[in-house]
$ cat protein-v6.csv   # CSV, C-alpha atoms
chain,number,residue,atom,x,y,z
A,1456,MET,CA,-66.6,-16.3,-33.3
A,1457,PRO,CA,-69.9,-14.5,-34.3
A,1458,PRO,CA,-72.2,-13.6,-31.4
A,1459,SER,CA,-74.8,-16.2,-32.5
A,1460,GLU,CA,-72.2,-18.9,-32.1
A,1461,MET,CA,-70.9,-17.9,-28.7
A,1462,GLU,CA,-71.5,-20.6,-26.1
A,1463,PRO,CA,-72.6,-19.9,-22.5
A,1464,ALA,CA,-70.5,-21.2,-19.6
A,1465,GLU,CA,-71.0,-24.9,-19.3
A,1466,ASN,CA,-70.1,-25.4,-15.7
A,1467,GLY,CA,-73.5,-24.7,-14.2
A,1468,GLY,CA,-76.6,-22.6,-14.3
A,1469,ALA,CA,-78.4,-22.2,-17.7
A,1470,GLY,CA,-75.2,-23.2,-19.6
A,1471,GLY,CA,-75.0,-26.5,-17.7
A,1472,VAL,CA,-78.6,-27.3,-18.4
A,1473,GLN,CA,-78.1,-26.4,-22.1
A,1474,SER,CA,-75.1,-28.7,-22.2
A,1475,VAL,CA,-77.1,-31.6,-20.8
A,1476,ASP,CA,-79.9,-31.0,-23.3
A,1477,ARG,CA,-77.4,-30.9,-26.2
A,1478,ALA,CA,-75.7,-34.1,-25.0
A,1479,ALA,CA,-79.1,-35.8,-24.9
A,1480,THR,CA,-79.8,-34.5,-28.4
A,1481,VAL,CA,-76.5,-35.9,-29.7
A,1482,LEU,CA,-77.4,-39.4,-28.2
A,1483,GLN,CA,-80.8,-39.2,-29.9
A,1484,ILE,CA,-79.2,-38.4,-33.3
A,1485,LEU,CA,-76.8,-41.3,-33.0
A,1486,ALA,CA,-79.6,-43.6,-31.9
A,1487,ARG,CA,-81.5,-42.6,-35.0
A,1488,GLU,CA,-78.7,-42.5,-37.6
A,1489,GLY,CA,-76.5,-45.3,-36.3
A,1490,GLN,CA,-73.4,-43.2,-37.1
A,1491,ALA,CA,-72.8,-39.5,-37.7
A,1492,GLY,CA,-69.8,-37.2,-38.0
A,1493,VAL,CA,-69.2,-33.9,-36.2
A,1494,SER,CA,-70.2,-31.8,-39.1
A,1495,ASP,CA,-73.5,-33.8,-39.6
A,1496,ILE,CA,-74.4,-33.4,-35.9
A,1497,ALA,CA,-73.5,-29.7,-35.8
A,1498,ALA,CA,-75.6,-29.0,-38.9
A,1499,GLU,CA,-78.6,-30.7,-37.5
A,1500,MET,CA,-78.4,-29.1,-34.2
A,1501,GLY,CA,-77.4,-25.7,-35.6
A,1502,ILE,CA,-74.4,-25.2,-33.3
A,1503,HIS,CA,-70.7,-24.8,-33.9
A,1504,LYS,CA,-68.6,-27.9,-34.6
A,1505,SER,CA,-66.2,-27.1,-31.7
A,1506,THR,CA,-69.2,-27.4,-29.3
A,1507,VAL,CA,-70.2,-30.8,-30.8
A,1508,SER,CA,-66.6,-32.0,-30.5
A,1509,ARG,CA,-66.6,-31.1,-26.8
A,1510,LEU,CA,-69.9,-32.9,-26.2
A,1511,LEU,CA,-68.7,-36.0,-28.0
A,1512,ALA,CA,-65.4,-36.0,-26.1
A,1513,ALA,CA,-67.3,-35.9,-22.8
A,1514,LEU,CA,-69.7,-38.7,-23.9
A,1515,VAL,CA,-66.7,-40.8,-25.2
A,1516,ALA,CA,-65.0,-40.4,-21.8
A,1517,ARG,CA,-68.0,-42.0,-20.2
A,1518,GLU,CA,-68.3,-44.7,-22.9
A,1519,LEU,CA,-71.7,-43.5,-23.9
A,1520,VAL,CA,-70.4,-42.9,-27.4
A,1521,GLN,CA,-67.5,-44.4,-29.3
A,1522,GLN,CA,-65.7,-43.4,-32.5
A,1523,ASP,CA,-65.3,-45.6,-35.5
A,1524,GLN,CA,-61.6,-45.4,-36.0
A,1525,GLY,CA,-61.9,-46.4,-39.7
A,1526,ARG,CA,-64.5,-43.8,-40.7
A,1527,GLY,CA,-64.0,-41.3,-38.0
A,1528,LYS,CA,-67.7,-41.1,-37.3
A,1529,TYR,CA,-69.4,-41.6,-33.9
A,1530,GLN,CA,-71.9,-44.2,-32.7
A,1531,LEU,CA,-73.5,-45.2,-29.4
A,1532,GLY,CA,-71.1,-46.9,-27.0
A,1533,PHE,CA,-71.4,-49.9,-24.6
A,1534,GLY,CA,-72.0,-47.5,-21.7
A,1535,ILE,CA,-75.5,-47.1,-23.0
A,1536,LEU,CA,-76.1,-50.8,-22.6
A,1537,ARG,CA,-74.9,-50.7,-19.0
A,1538,LEU,CA,-77.4,-47.9,-18.3
A,1539,ALA,CA,-80.2,-49.7,-20.1
A,1540,ALA,CA,-79.5,-52.9,-18.2
A,1541,ALA,CA,-80.6,-51.2,-15.0
A,1542,ILE,CA,-84.0,-50.3,-16.4
A,1543,PRO,CA,-86.0,-53.6,-16.7
A,1544,GLY,CA,-85.8,-54.4,-13.1
A,1545,ARG,CA,-87.6,-51.2,-12.2
A,1546,LEU,CA,-90.0,-51.1,-15.1
A,1547,ASN,CA,-92.7,-53.3,-13.8
A,1548,LEU,CA,-95.5,-53.3,-16.3
A,1549,VAL,CA,-98.2,-53.7,-13.7
A,1550,GLN,CA,-96.7,-51.0,-11.5
A,1551,GLU,CA,-96.4,-48.6,-14.3
A,1552,ALA,CA,-99.8,-49.2,-15.7
A,1553,GLY,CA,-101.7,-49.2,-12.4
A,1554,PRO,CA,-102.5,-45.5,-12.1
A,1555,PHE,CA,-103.7,-45.3,-15.7
A,1556,LEU,CA,-105.9,-48.3,-15.3
A,1557,ARG,CA,-107.6,-46.8,-12.3
A,1558,GLU,CA,-108.0,-43.4,-14.0
A,1559,LEU,CA,-109.5,-45.1,-17.0
A,1560,ALA,CA,-111.9,-47.2,-14.9
A,1561,ALA,CA,-113.1,-44.1,-13.1
A,1562,SER,CA,-113.7,-42.2,-16.3
A,1563,ALA,CA,-115.2,-45.1,-18.3
A,1564,ARG,CA,-117.1,-46.3,-15.2
A,1565,GLU,CA,-116.4,-49.9,-16.2
A,1566,THR,CA,-113.9,-52.7,-15.6
A,1567,VAL,CA,-110.4,-52.2,-17.0
A,1568,ASN,CA,-108.0,-55.1,-17.5
A,1569,LEU,CA,-104.3,-55.4,-18.4
A,1570,ALA,CA,-103.5,-58.6,-20.2
A,1571,VAL,CA,-100.3,-60.3,-21.6
A,1572,LEU,CA,-99.8,-63.3,-23.9
A,1573,ARG,CA,-98.8,-66.4,-22.0
A,1574,SER,CA,-98.9,-70.1,-23.1
A,1575,GLY,CA,-101.5,-69.5,-25.8
A,1576,TYR,CA,-103.9,-67.4,-23.6
A,1577,ALA,CA,-104.5,-63.8,-22.8
A,1578,VAL,CA,-103.6,-63.6,-19.1
A,1579,ASN,CA,-105.0,-60.8,-17.0
A,1580,VAL,CA,-102.3,-59.4,-14.8
A,1581,ASP,CA,-104.1,-56.4,-13.3
A,1582,GLN,CA,-107.6,-55.0,-13.0
A,1583,ALA,CA,-109.3,-51.8,-12.0
A,1584,ARG,CA,-113.1,-51.5,-11.4
A,1585,GLY,CA,-115.2,-48.5,-12.3
A,1586,PRO,CA,-118.1,-47.2,-10.2
A,1587,SER,CA,-120.7,-48.8,-12.4
A,1588,THR,CA,-119.2,-52.3,-12.2
A,1589,LEU,CA,-121.7,-55.0,-11.2
A,1590,GLY,CA,-120.8,-58.1,-9.3
A,1591,THR,CA,-117.4,-59.1,-7.9
A,1592,GLN,CA,-115.8,-60.9,-10.9
A,1593,ASP,CA,-112.0,-60.8,-10.5
A,1594,TRP,CA,-110.2,-61.5,-13.8
A,1595,VAL,CA,-106.6,-61.2,-12.4
A,1596,GLY,CA,-104.8,-64.4,-13.1
A,1597,SER,CA,-107.5,-65.7,-15.5
A,1598,LEU,CA,-106.5,-67.4,-18.7
A,1599,THR,CA,-108.9,-66.1,-21.3
A,1600,PRO,CA,-109.1,-67.3,-24.9
A,1601,LEU,CA,-107.3,-65.3,-27.5
A,1602,HIS,CA,-109.9,-65.6,-30.2
A,1603,ALA,CA,-112.9,-64.7,-28.0
A,1604,THR,CA,-111.6,-61.6,-26.1
A,1605,SER,CA,-110.7,-58.1,-27.2
A,1606,SER,CA,-107.3,-58.3,-25.4
A,1607,GLY,CA,-106.6,-61.7,-27.0
A,1608,LYS,CA,-107.4,-60.3,-30.5
A,1609,VAL,CA,-105.0,-57.4,-30.0
A,1610,LEU,CA,-102.3,-59.7,-28.9
A,1611,LEU,CA,-102.9,-62.1,-31.8
A,1612,ALA,CA,-103.0,-59.3,-34.3
A,1613,ALA,CA,-99.5,-58.2,-33.2
A,1614,LEU,CA,-98.0,-61.5,-34.2
A,1615,THR,CA,-96.8,-62.5,-37.6
A,1616,ALA,CA,-98.9,-65.0,-39.6
A,1617,GLU,CA,-96.3,-67.6,-38.9
A,1618,GLU,CA,-96.4,-67.0,-35.1
A,1619,ARG,CA,-100.2,-67.1,-35.1
A,1620,GLY,CA,-100.1,-70.3,-37.2
A,1621,ALA,CA,-97.8,-72.0,-34.7
A,1622,LEU,CA,-99.9,-70.8,-31.8
A,1623,LEU,CA,-103.2,-71.8,-33.2
A,1624,THR,CA,-102.1,-75.0,-34.9
A,1625,GLY,CA,-104.5,-77.8,-33.8
A,1626,SER,CA,-106.7,-75.3,-32.1
A,1627,ARG,CA,-110.4,-75.9,-32.6
A,1628,LEU,CA,-111.2,-72.2,-31.8
A,1629,PRO,CA,-113.7,-73.5,-29.2
A,1630,ARG,CA,-117.2,-71.9,-29.2
A,1631,PHE,CA,-118.2,-70.2,-25.9
A,1632,THR,CA,-121.4,-68.5,-27.2
A,1633,SER,CA,-123.3,-68.3,-30.5
A,1634,ARG,CA,-121.2,-65.3,-31.4
A,1635,THR,CA,-117.8,-66.8,-30.9
A,1636,LEU,CA,-115.5,-66.8,-34.0
A,1637,THR,CA,-114.7,-70.4,-34.8
A,1638,SER,CA,-113.6,-70.0,-38.4
A,1639,ARG,CA,-109.8,-69.5,-38.8
A,1640,ALA,CA,-110.3,-67.6,-42.0
A,1641,ARG,CA,-112.8,-65.2,-40.5
A,1642,LEU,CA,-110.6,-64.7,-37.5
A,1643,GLU,CA,-107.6,-63.8,-39.7
A,1644,GLU,CA,-109.8,-61.3,-41.5
A,1645,GLU,CA,-110.8,-59.6,-38.3
A,1646,LEU,CA,-107.2,-59.6,-37.0
A,1647,LEU,CA,-106.1,-57.7,-40.1
A,1648,ALA,CA,-108.7,-55.1,-39.4
A,1649,VAL,CA,-107.6,-55.0,-35.7
A,1650,ALA,CA,-104.0,-54.4,-36.8
A,1651,HIS,CA,-105.1,-51.6,-39.1
A,1652,ALA,CA,-107.5,-49.9,-36.7
A,1653,GLY,CA,-105.3,-50.3,-33.6
A,1654,PHE,CA,-108.1,-51.7,-31.4
A,1655,ALA,CA,-110.3,-54.8,-31.1
A,1656,THR,CA,-113.9,-55.4,-29.9
A,1657,THR,CA,-115.9,-58.4,-28.8
A,1658,TRP,CA,-119.6,-58.7,-28.6
A,1659,GLU,CA,-120.7,-61.5,-26.3
A,1660,GLU,CA,-118.1,-63.8,-27.8
A,1661,TYR,CA,-116.8,-65.2,-24.5
A,1662,GLU,CA,-119.8,-64.6,-22.2
A,1663,ILE,CA,-123.4,-63.8,-23.0
A,1664,GLY,CA,-124.0,-60.1,-22.1
A,1665,LEU,CA,-120.3,-59.2,-21.9
A,1666,VAL,CA,-118.8,-56.8,-24.5
A,1667,SER,CA,-115.3,-55.3,-24.5
A,1668,LEU,CA,-112.8,-53.0,-26.3
A,1669,ALA,CA,-109.0,-53.3,-26.2
A,1670,VAL,CA,-105.9,-51.5,-27.4
A,1671,PRO,CA,-102.2,-52.5,-27.4
A,1672,VAL,CA,-99.4,-51.5,-25.1
A,1673,ARG,CA,-96.0,-51.2,-26.8
A,1674,ASP,CA,-92.5,-51.3,-25.4
A,1675,HIS,CA,-89.4,-49.2,-26.4
A,1676,ARG,CA,-89.0,-51.3,-29.6
A,1677,GLY,CA,-92.6,-50.7,-30.6
A,1678,VAL,CA,-93.4,-54.3,-30.0
A,1679,VAL,CA,-96.9,-55.1,-28.5
A,1680,ILE,CA,-96.3,-56.5,-25.0
A,1681,ALA,CA,-99.8,-56.2,-23.5
A,1682,ALA,CA,-103.3,-55.1,-24.1
A,1683,ILE,CA,-105.6,-52.8,-22.1
A,1684,SER,CA,-109.3,-53.5,-22.3
A,1685,VAL,CA,-112.6,-52.0,-21.0
A,1686,SER,CA,-115.5,-54.3,-20.6
A,1687,GLY,CA,-119.0,-54.2,-19.3
A,1688,PRO,CA,-122.5,-55.5,-19.8
A,1689,GLU,CA,-124.0,-55.2,-23.2
A,1690,PHE,CA,-127.1,-53.3,-22.0
A,1691,ARG,CA,-124.9,-50.4,-20.6
A,1692,PHE,CA,-121.5,-50.4,-22.3
A,1693,ASP,CA,-121.0,-49.6,-26.0
A,1694,PRO,CA,-117.6,-50.6,-27.4
A,1695,GLU,CA,-118.3,-48.3,-30.4
A,1696,ASP,CA,-118.5,-45.2,-28.2
A,1697,ALA,CA,-115.9,-42.8,-29.7
A,1698,GLY,CA,-115.3,-41.2,-26.4
A,1699,ILE,CA,-114.5,-44.4,-24.6
A,1700,LEU,CA,-112.2,-45.4,-27.5
A,1701,THR,CA,-110.3,-42.1,-27.3
A,1702,GLN,CA,-109.9,-42.5,-23.5
A,1703,LEU,CA,-108.7,-46.1,-24.0
A,1704,LYS,CA,-106.2,-45.2,-26.7
A,1705,ASP,CA,-104.9,-42.4,-24.6
A,1706,ALA,CA,-104.3,-44.8,-21.7
A,1707,GLY,CA,-102.6,-47.4,-24.0
A,1708,LEU,CA,-100.3,-44.7,-25.3
A,1709,ALA,CA,-99.5,-43.4,-21.8
A,1710,VAL,CA,-98.6,-46.8,-20.5
A,1711,SER,CA,-96.6,-47.5,-23.6
A,1712,GLN,CA,-94.6,-44.3,-23.0
A,1713,GLN,CA,-94.1,-45.3,-19.4
A,1714,VAL,CA,-92.3,-48.4,-20.5
A,1715,GLY,CA,-90.2,-46.7,-23.1
A,1716,TYR,CA,-92.3,-46.4,-26.3
A,1717,SER,CA,-91.7,-43.3,-28.4
A,1718,PRO,CA,-94.4,-42.7,-31.1
A,1719,VAL,CA,-93.1,-41.7,-34.5
$ encode --input "protein-v6.csv" --output "structure tokens"
Amino acid sequence: MPPSEMEPAENGGAGGVQSVDRAATVLQILAREGQAGVSDIAAEMGIHKSTVSRLLAALVARELVQQDQGRGKYQLGFGILRLAAAIPGRLNLVQEAGPFLRELAASARETVNLAVLRSGYAVNVDQARGPSTLGTQDWVGSLTPLHATSSGKVLLAALTAEERGALLTGSRLPRFTSRTLTSRARLEEELLAVAHAGFATTWEEYEIGLVSLAVPVRDHRGVVIAAISVSGPEFRFDPEDAGILTQLKDAGLAVSQQVGYSPV
């Protein structure tokens, strides 16, 4: 075997770490491709086919990978499902998001909320207050209207047109202030813009003097499962501040990654 193809010992030390890294890479390739042969995997990883065969044999023994007897190619096994089944119980969205909400509230100096879609409302499930926050308004547990809040718009924009139609059927899109969107057509136009831009804003649409900015939180499938918003008084907080938007997007991505999201 040429020197470049010689494999280090795989029983411990650097060789053992390398084997773990390579096994993880094999799993990632199979997750992406669905099925792959030894030669395909070896070519992508740039290692000898005999090494790939040993890695696959170890993964098959643990049922993390299985071989298609008809085609001879490999795919992820049911052992992966058993491992994944242990994750949801520990991945508590509020727990995972908490540190990022507090960090964002401190840097943005305003109130930060985490909201999810429940029963036709944006429900705030956690909150962090910045040093500039006025008053003692606690939004945790509050049911807020989807069409009049930035979090609600983010959650609505993530739905299909059919899902939004079912959710908003019969809804009068109630007016809360003179700036509330009460036209379904205008709301749909804004939601298209929200989906394209990756964030939503509201300007005194739910409460006079209150403005907000929100971004989505995605799970391991890329599905929007929540929204993080920053809100504050109109005289002090500007939702169009590029710096705040960058911080908010960074927080949304960080929380998403904590719950399994992997950006393309």
$ residues_around --input "protein-v6.csv" --residues "Ala1512 (chain A)" --least-positions-apart "6" --cutoff "10 Å" --atoms "all atoms listed in the file" --output "ChimeraX atom specification"
/A:1506,1518,1520-1522
$ closest_residue --input "protein-v6.csv" --among "A:Ser1684, A:Gly1501, A:Gly1664, A:Phe1631" --to "Ser1605 (chain A)" --atoms "all atoms listed in the file"
A:Ser1684
$ residues_near_point --input "protein-v6.csv" --point "(-103.2, -66.3, -23.8)" --cutoff "9 Å" --atoms "only C-alpha atoms" --output "ChimeraX atom specification"
/A:1570-1579,1598-1601,1607,1610
$ closest_residue --input "protein-v6.csv" --among "A:Thr1657, A:Ser1633, A:Ser1711, A:Gln1483" --to "Ile1535 (chain A)" --atoms "all atoms listed in the file"
A:Gln1483
$ atom_distance --input "protein-v6.csv" --atom1 "CA of Pro1694 (chain A)" --atom2 "CA of Gly1620 (chain A)"
28.1 Å
$ closest_residue --input "protein-v6.csv" --among "A:Leu1531, A:Arg1517, A:Val1507, A:Ala1561" --to "Leu1482 (chain A)" --atoms "all atoms listed in the file"
A:Leu1531
$ closest_residue --input "protein-v6.csv" --among "A:Arg1619, A:Arg1691, A:Lys1704, A:Arg1477" --to "Arg1673 (chain A)" --atoms "all atoms listed in the file"
A:Lys1704
$ atom_distance --input "protein-v6.csv" --atom1 "CA of Glu1644 (chain A)" --atom2 "CA of Thr1604 (chain A)"
15.5 Å
$ build_atoms --input "protein-v6.csv" --residues "region 1559-1584 of chain A" --atoms "N, CA and C atoms" --output "short mmCIF file (atom, residue, chain, number, x, y, z; two decimals), in the frame of the given file"
data_model
loop_
_atom_site.label_atom_id
_atom_site.label_comp_id
_atom_site.auth_asym_id
_atom_site.auth_seq_id
_atom_site.Cartn_x
_atom_site.Cartn_y
_atom_site.Cartn_z
N LEU A 1559 -108.65 -44.70 -15.93
CA LEU A 1559 -109.50 -45.10 -17.00
C LEU A 1559 -110.82 -45.71 -16.48
N ALA A 1560 -110.70 -46.57 -15.47
CA ALA A 1560 -111.90 -47.20 -14.90
C ALA A 1560 -112.82 -46.19 -14.29
N ALA A 1561 -112.25 -45.16 -13.68
CA ALA A 1561 -113.10 -44.10 -13.10
C ALA A 1561 -113.81 -43.30 -14.13
N SER A 1562 -113.12 -43.00 -15.23
CA SER A 1562 -113.70 -42.20 -16.30
C SER A 1562 -114.71 -42.97 -17.15
N ALA A 1563 -114.33 -44.22 -17.46
CA ALA A 1563 -115.20 -45.10 -18.30
C ALA A 1563 -116.31 -45.71 -17.46
N ARG A 1564 -116.10 -45.77 -16.13
CA ARG A 1564 -117.10 -46.30 -15.20
C ARG A 1564 -117.30 -47.81 -15.37
N GLU A 1565 -116.33 -48.49 -15.99
CA GLU A 1565 -116.40 -49.90 -16.20
C GLU A 1565 -115.15 -50.61 -15.79
N THR A 1566 -115.09 -51.93 -15.96
CA THR A 1566 -113.90 -52.70 -15.60
C THR A 1566 -112.81 -52.57 -16.62
N VAL A 1567 -111.60 -52.35 -16.15
CA VAL A 1567 -110.40 -52.20 -17.00
C VAL A 1567 -109.45 -53.32 -16.67
N ASN A 1568 -108.94 -54.04 -17.68
CA ASN A 1568 -108.00 -55.10 -17.50
C ASN A 1568 -106.70 -54.90 -18.25
N LEU A 1569 -105.60 -55.37 -17.70
CA LEU A 1569 -104.30 -55.40 -18.40
C LEU A 1569 -103.96 -56.85 -18.62
N ALA A 1570 -103.72 -57.24 -19.89
CA ALA A 1570 -103.50 -58.60 -20.20
C ALA A 1570 -102.20 -58.80 -21.02
N VAL A 1571 -101.54 -59.94 -20.84
CA VAL A 1571 -100.30 -60.30 -21.60
C VAL A 1571 -100.53 -61.66 -22.23
N LEU A 1572 -99.71 -61.97 -23.21
CA LEU A 1572 -99.80 -63.30 -23.90
C LEU A 1572 -98.90 -64.28 -23.17
N ARG A 1573 -99.51 -65.37 -22.71
CA ARG A 1573 -98.80 -66.40 -22.00
C ARG A 1573 -99.36 -67.78 -22.36
N SER A 1574 -98.53 -68.68 -22.86
CA SER A 1574 -98.90 -70.10 -23.10
C SER A 1574 -100.21 -70.20 -23.89
N GLY A 1575 -100.36 -69.36 -24.90
CA GLY A 1575 -101.50 -69.50 -25.80
C GLY A 1575 -102.78 -68.85 -25.25
N TYR A 1576 -102.69 -68.07 -24.18
CA TYR A 1576 -103.90 -67.40 -23.60
C TYR A 1576 -103.55 -65.92 -23.37
N ALA A 1577 -104.62 -65.15 -23.23
CA ALA A 1577 -104.50 -63.80 -22.80
C ALA A 1577 -104.64 -63.85 -21.24
N VAL A 1578 -103.57 -63.52 -20.52
CA VAL A 1578 -103.60 -63.60 -19.10
C VAL A 1578 -103.75 -62.24 -18.46
N ASN A 1579 -104.80 -62.05 -17.70
CA ASN A 1579 -105.00 -60.80 -17.00
C ASN A 1579 -104.12 -60.62 -15.83
N VAL A 1580 -103.29 -59.59 -15.84
CA VAL A 1580 -102.30 -59.40 -14.80
C VAL A 1580 -102.67 -58.26 -13.83
N ASP A 1581 -103.65 -57.45 -14.21
CA ASP A 1581 -104.10 -56.40 -13.30
C ASP A 1581 -105.51 -55.96 -13.72
N GLN A 1582 -106.23 -55.38 -12.77
CA GLN A 1582 -107.60 -55.00 -13.00
C GLN A 1582 -107.97 -53.77 -12.18
N ALA A 1583 -108.79 -52.91 -12.76
CA ALA A 1583 -109.30 -51.80 -12.00
C ALA A 1583 -110.83 -51.73 -12.30
N ARG A 1584 -111.61 -51.49 -11.27
CA ARG A 1584 -113.10 -51.50 -11.40
C ARG A 1584 -113.65 -50.12 -11.35
#
